[in-house]
>>> print(open('my_file-v3.csv').read())   # CSV, C-alpha atoms and all ligand atoms
chain,number,residue,atom,x,y,z
A,29,MET,CA,149.9,111.4,129.0
A,30,TYR,CA,146.5,111.3,127.3
A,31,ARG,CA,144.0,114.0,127.8
A,32,GLN,CA,140.4,112.8,128.6
A,33,ASP,CA,138.9,114.4,125.6
A,34,ALA,CA,141.6,112.9,123.3
A,35,ALA,CA,140.2,109.4,123.9
A,36,ARG,CA,137.8,109.6,121.0
A,37,PRO,CA,137.8,106.1,119.5
A,38,ASP,CA,139.5,105.9,116.1
A,39,ARG,CA,139.6,102.1,115.7
A,40,ILE,CA,137.0,99.4,115.4
A,41,CYS,CA,136.7,95.6,115.5
A,42,ILE,CA,135.3,94.6,112.1
A,43,VAL,CA,135.0,91.0,113.2
A,44,CYS,CA,132.3,91.3,115.9
A,45,TYR,CA,131.5,95.1,115.6
A,46,ARG,CA,131.2,95.4,119.3
A,47,THR,CA,134.4,97.2,120.2
A,48,LEU,CA,135.7,100.7,119.5
A,49,GLY,CA,139.1,101.8,120.8
A,50,THR,CA,142.1,104.1,120.4
A,51,GLY,CA,145.6,103.1,119.3
A,52,GLU,CA,146.9,99.6,118.6
A,53,GLN,CA,145.0,97.1,120.6
A,54,SER,CA,142.9,93.9,120.3
A,55,CYS,CA,139.2,93.6,120.6
A,56,GLY,CA,138.1,92.8,124.2
A,57,THR,CA,135.3,90.6,122.9
A,58,CYS,CA,136.8,88.5,120.2
A,59,GLY,CA,140.5,89.2,120.3
A,60,ALA,CA,140.8,90.5,116.7
A,61,PRO,CA,143.1,93.5,116.1
A,62,LEU,CA,141.2,96.8,115.9
A,63,VAL,CA,141.5,98.6,112.6
A,64,PRO,CA,141.6,102.3,111.9
A,65,LEU,CA,138.2,103.9,111.3
A,66,ASP,CA,139.5,106.3,108.7
A,67,THR,CA,140.5,103.9,105.9
A,68,PRO,CA,138.1,103.7,102.9
A,69,GLU,CA,137.9,99.9,103.2
A,70,VAL,CA,136.7,100.1,106.8
A,71,VAL,CA,134.2,102.8,106.0
A,72,ALA,CA,132.9,100.8,103.1
A,73,GLU,CA,132.6,97.8,105.4
A,74,LEU,CA,130.6,99.9,107.9
A,75,ARG,CA,128.3,101.2,105.1
A,76,LYS,CA,127.7,97.6,103.9
A,77,ARG,CA,126.9,96.5,107.4
A,78,ALA,CA,124.6,99.5,108.0
A,79,LYS,CA,122.7,98.8,104.8
A,80,ALA,CA,122.3,95.1,105.8
A,81,LYS,CA,121.0,96.1,109.1
A,82,LYS,CA,118.6,98.5,107.4
A,83,ASP,CA,117.3,95.8,105.0
A,84,GLN,CA,117.0,93.2,107.7
A,85,PRO,CA,113.4,94.0,109.0
A,86,ALA,CA,112.1,94.0,105.4
A,87,ARG,CA,113.8,90.6,104.6
A,88,ARG,CA,112.5,89.1,107.8
A,89,ARG,CA,109.0,90.4,107.2
A,90,TYR,CA,109.0,88.9,103.6
A,91,ALA,CA,110.4,85.6,104.8
A,92,PHE,CA,107.7,85.4,107.6
A,93,VAL,CA,104.8,86.3,105.2
A,94,ILE,CA,105.9,83.8,102.6
A,95,GLY,CA,106.7,81.0,105.1
A,96,ALA,CA,103.6,81.4,107.2
A,97,SER,CA,101.4,81.5,104.0
A,98,LEU,CA,103.0,78.4,102.4
A,99,GLY,CA,102.7,76.5,105.7
A,100,GLY,CA,99.1,77.6,106.2
A,101,ALA,CA,98.1,76.8,102.7
A,102,ALA,CA,99.8,73.4,102.9
A,103,ILE,CA,97.9,72.6,106.1
A,104,GLY,CA,94.7,73.8,104.6
A,105,PHE,CA,95.2,71.8,101.4
A,106,ALA,CA,96.0,68.7,103.4
A,107,ALA,CA,92.8,69.2,105.4
A,108,LEU,CA,90.8,69.4,102.1
A,109,LEU,CA,92.4,66.2,100.9
A,110,LEU,CA,91.7,64.5,104.2
A,111,ILE,CA,88.0,65.4,104.2
A,112,GLY,CA,87.7,64.5,100.5
A,113,VAL,CA,86.8,68.0,99.2
A,114,VAL,CA,89.8,67.7,96.9
A,115,SER,CA,91.0,64.5,95.3
A,116,LEU,CA,94.3,63.9,93.4
A,117,ASP,CA,93.6,60.3,92.2
A,118,ARG,CA,90.3,60.4,90.2
A,119,PRO,CA,90.0,57.8,87.5
A,120,GLY,CA,91.5,58.9,84.1
A,121,HIS,CA,92.9,61.9,85.7
A,122,THR,CA,96.0,63.8,84.4
A,123,PHE,CA,98.0,65.5,87.0
A,124,SER,CA,98.1,69.3,86.7
A,125,ALA,CA,100.0,71.7,89.1
A,126,VAL,CA,97.4,74.4,88.5
A,127,GLY,CA,94.2,72.4,88.1
A,128,ASP,CA,94.8,70.2,91.1
A,129,PHE,CA,96.4,72.7,93.4
A,130,TRP,CA,94.2,75.7,92.8
A,131,PRO,CA,92.8,75.5,96.4
A,132,PHE,CA,96.3,75.6,97.6
A,133,TRP,CA,97.2,78.7,95.6
A,134,LEU,CA,93.9,80.4,96.5
A,135,MET,CA,94.6,79.8,100.2
A,136,PHE,CA,98.2,80.9,99.7
A,137,VAL,CA,97.2,84.2,98.1
A,138,ALA,CA,94.6,84.8,100.8
A,139,LEU,CA,97.1,84.1,103.5
A,140,VAL,CA,99.7,86.4,102.0
A,141,ALA,CA,97.1,89.2,102.2
A,142,VAL,CA,96.1,88.3,105.8
A,143,THR,CA,99.6,87.9,107.2
A,144,THR,CA,100.8,91.1,105.4
A,145,SER,CA,98.0,93.0,107.2
A,146,LEU,CA,98.7,91.2,110.4
A,147,VAL,CA,102.4,92.1,110.4
A,148,LYS,CA,101.4,95.7,109.8
A,149,TRP,CA,98.7,95.7,112.5
A,150,LEU,CA,100.9,94.0,115.1
A,151,ARG,CA,103.9,96.3,114.0
A,152,LEU,CA,106.2,93.3,113.6
A,153,PHE,CA,109.6,93.5,112.0
A,154,ARG,CA,109.8,97.3,112.2
A,155,MET,CA,112.9,99.3,111.5
A,156,PRO,CA,114.9,100.2,114.6
A,157,GLN,CA,114.7,103.9,115.6
A,158,GLY,CA,116.7,106.1,113.2
A,159,GLY,CA,116.6,103.7,110.3
A,160,ASP,CA,114.0,105.7,108.4
A,161,THR,CA,116.3,108.7,108.0
A,162,LEU,CA,119.7,107.0,107.8
A,163,ASP,CA,121.2,106.6,104.4
A,164,PRO,CA,124.1,104.1,104.6
A,165,GLU,CA,125.7,105.5,101.5
A,166,THR,CA,126.0,109.1,102.8
A,167,ALA,CA,125.9,108.8,106.6
A,168,SER,CA,128.9,110.0,108.5
A,169,VAL,CA,131.1,107.5,110.3
A,170,PRO,CA,129.8,108.5,113.8
A,171,GLU,CA,126.2,108.1,112.5
A,172,LEU,CA,127.0,104.7,111.1
A,173,LEU,CA,128.6,103.6,114.4
A,174,VAL,CA,125.5,104.8,116.4
A,175,TRP,CA,123.2,102.9,113.9
A,176,LEU,CA,125.3,99.8,114.3
A,177,GLY,CA,124.8,100.0,118.1
A,178,LEU,CA,128.4,101.0,119.0
A,179,ARG,CA,128.9,103.6,121.7
A,180,VAL,CA,130.8,106.5,120.2
B,201,ZN,ZN,135.8,91.9,118.1
>>> encode(input="my_file-v3.csv", output="structure tokens")
Amino acid sequence: MYRQDAARPDRICIVCYRTLGTGEQSCGTCGAPLVPLDTPEVVAELRKRAKAKKDQPARRRYAFVIGASLGGAAIGFAALLLIGVVSLDRPGHTFSAVGDFWPFWLMFVALVAVTTSLVKWLRLFRMPQGGDTLDPETASVPELLVWLGLRV
């Protein structure tokens, strides 16, 4: 009844984004009903998801650099307190976030520079192949599906 070349998928699961199919059916992975690929809502959903996937490496890189630098500076500052290079309870001392913590901020800024270079050097959090040229706003539906890792 169906010709082989007519089996081009026209529906997708927008719950798990793992299943493409033809005709009315449920997703084999999560059981949600597949929805038609040609409705504006579904295409908008695909674009949103494609954009999120494209932004992900940059977000992870940013979170890693900030997290590692804060952690490293906190450890470094604790070490300075421990060995007595820095003291927070001198007599007649007024607490100041800048004056008391300048070694922390100095280490933080230095660590941001170091981890940023390290991430570049080690090529961490890179964009998956094809991400540089893909524009989620203008890409065709098949291009979006390929980018999202669905077999078209
Ligand atoms: Zn599913």
>>> atom_distance(input="my_file-v3.csv", atom1="atom CA of Gly158 of chain A", atom2="atom CA of Ile40 of chain A")
21.5 Å
>>> residues_around(input="my_file-v3.csv", residues="segment 140-147 of chain A", least_positions_apart="3", cutoff="8 Å", atoms="only C-alpha atoms", output="JSON, numbers by chain")
{"A": [89, 93, 94, 96, 97, 136, 137, 150, 151, 152, 153]}
>>> closest_residue(input="my_file-v3.csv", among="A:Leu48, A:Ala72, A:Val169, A:Ala60", to="ligand ZN 201 (chain B)", atoms="all atoms listed in the file")
A:Ala60
>>> atom_distance(input="my_file-v3.csv", atom1="atom CA of Val63 of chain A", atom2="atom CA of Cys41 of chain A")
6.4 Å
>>> closest_atom_pairs(input="my_file-v3.csv", of="chain A", to="ligand ZN 201 (chain B)", cutoff="9 Å", atoms="all atoms listed in the file", output="tab-separated table")
residue	atom	partner	partner_atom	distance
A:Ile40	CA	B:ZN201	ZN	8.1
A:Cys41	CA	B:ZN201	ZN	4.6
A:Ile42	CA	B:ZN201	ZN	6.6
A:Val43	CA	B:ZN201	ZN	5.0
A:Cys44	CA	B:ZN201	ZN	4.2
A:Tyr45	CA	B:ZN201	ZN	5.9
A:Arg46	CA	B:ZN201	ZN	5.9
A:Thr47	CA	B:ZN201	ZN	5.9
A:Leu48	CA	B:ZN201	ZN	8.9
A:Ser54	CA	B:ZN201	ZN	7.7
A:Cys55	CA	B:ZN201	ZN	4.5
A:Gly56	CA	B:ZN201	ZN	6.6
A:Thr57	CA	B:ZN201	ZN	5.0
A:Cys58	CA	B:ZN201	ZN	4.1
A:Gly59	CA	B:ZN201	ZN	5.8
A:Ala60	CA	B:ZN201	ZN	5.4
A:Pro61	CA	B:ZN201	ZN	7.7
A:Leu62	CA	B:ZN201	ZN	7.6
>>> residues_around(input="my_file-v3.csv", residues="Ile103 of chain A", least_positions_apart="3", cutoff="12 Å", atoms="only C-alpha atoms", output="MDAnalysis selection string")
chainID A and resid 96:100 106:110 131:132 135:136 139
>>> atom_distance(input="my_file-v3.csv", atom1="atom CA of Leu74 of chain A", atom2="atom CA of Leu173 of chain A")
7.7 Å
>>> residues_near_point(input="my_file-v3.csv", point="(94.4, 71.6, 92.2)", cutoff="12 Å", atoms="only C-alpha atoms", output="number ranges by chain")
A: 105-106, 108-109, 113-117, 121-135
>>> write_last_selection(input="my_file-v3.csv", atoms="C-alpha atoms", output="PDB file, in the frame of the given file")
ATOM      1  CA  PHE A 105      95.200  71.800 101.400  1.00  0.00           C
ATOM      2  CA  ALA A 106      96.000  68.700 103.400  1.00  0.00           C
ATOM      3  CA  LEU A 108      90.800  69.400 102.100  1.00  0.00           C
ATOM      4  CA  LEU A 109      92.400  66.200 100.900  1.00  0.00           C
ATOM      5  CA  VAL A 113      86.800  68.000  99.200  1.00  0.00           C
ATOM      6  CA  VAL A 114      89.800  67.700  96.900  1.00  0.00           C
ATOM      7  CA  SER A 115      91.000  64.500  95.300  1.00  0.00           C
ATOM      8  CA  LEU A 116      94.300  63.900  93.400  1.00  0.00           C
ATOM      9  CA  ASP A 117      93.600  60.300  92.200  1.00  0.00           C
ATOM     10  CA  HIS A 121      92.900  61.900  85.700  1.00  0.00           C
ATOM     11  CA  THR A 122      96.000  63.800  84.400  1.00  0.00           C
ATOM     12  CA  PHE A 123      98.000  65.500  87.000  1.00  0.00           C
ATOM     13  CA  SER A 124      98.100  69.300  86.700  1.00  0.00           C
ATOM     14  CA  ALA A 125     100.000  71.700  89.100  1.00  0.00           C
ATOM     15  CA  VAL A 126      97.400  74.400  88.500  1.00  0.00           C
ATOM     16  CA  GLY A 127      94.200  72.400  88.100  1.00  0.00           C
ATOM     17  CA  ASP A 128      94.800  70.200  91.100  1.00  0.00           C
ATOM     18  CA  PHE A 129      96.400  72.700  93.400  1.00  0.00           C
ATOM     19  CA  TRP A 130      94.200  75.700  92.800  1.00  0.00           C
ATOM     20  CA  PRO A 131      92.800  75.500  96.400  1.00  0.00           C
ATOM     21  CA  PHE A 132      96.300  75.600  97.600  1.00  0.00           C
ATOM     22  CA  TRP A 133      97.200  78.700  95.600  1.00  0.00           C
ATOM     23  CA  LEU A 134      93.900  80.400  96.500  1.00  0.00           C
ATOM     24  CA  MET A 135      94.600  79.800 100.200  1.00  0.00           C
TER      25      MET A 135
END
>>> closest_residue(input="my_file-v3.csv", among="A:Pro85, A:Gly112, A:Gly51, A:Gly120", to="Gly159 of chain A", atoms="only C-alpha atoms")
A:Pro85
>>> residues_around(input="my_file-v3.csv", residues="Lys79 of chain A", least_positions_apart="3", cutoff="9 Å", atoms="all atoms listed in the file", output="list in words")
Leu74, Arg75, Lys76, Lys82, Asp83, Gln84, Asp163, Pro164 and Glu165 of chain A
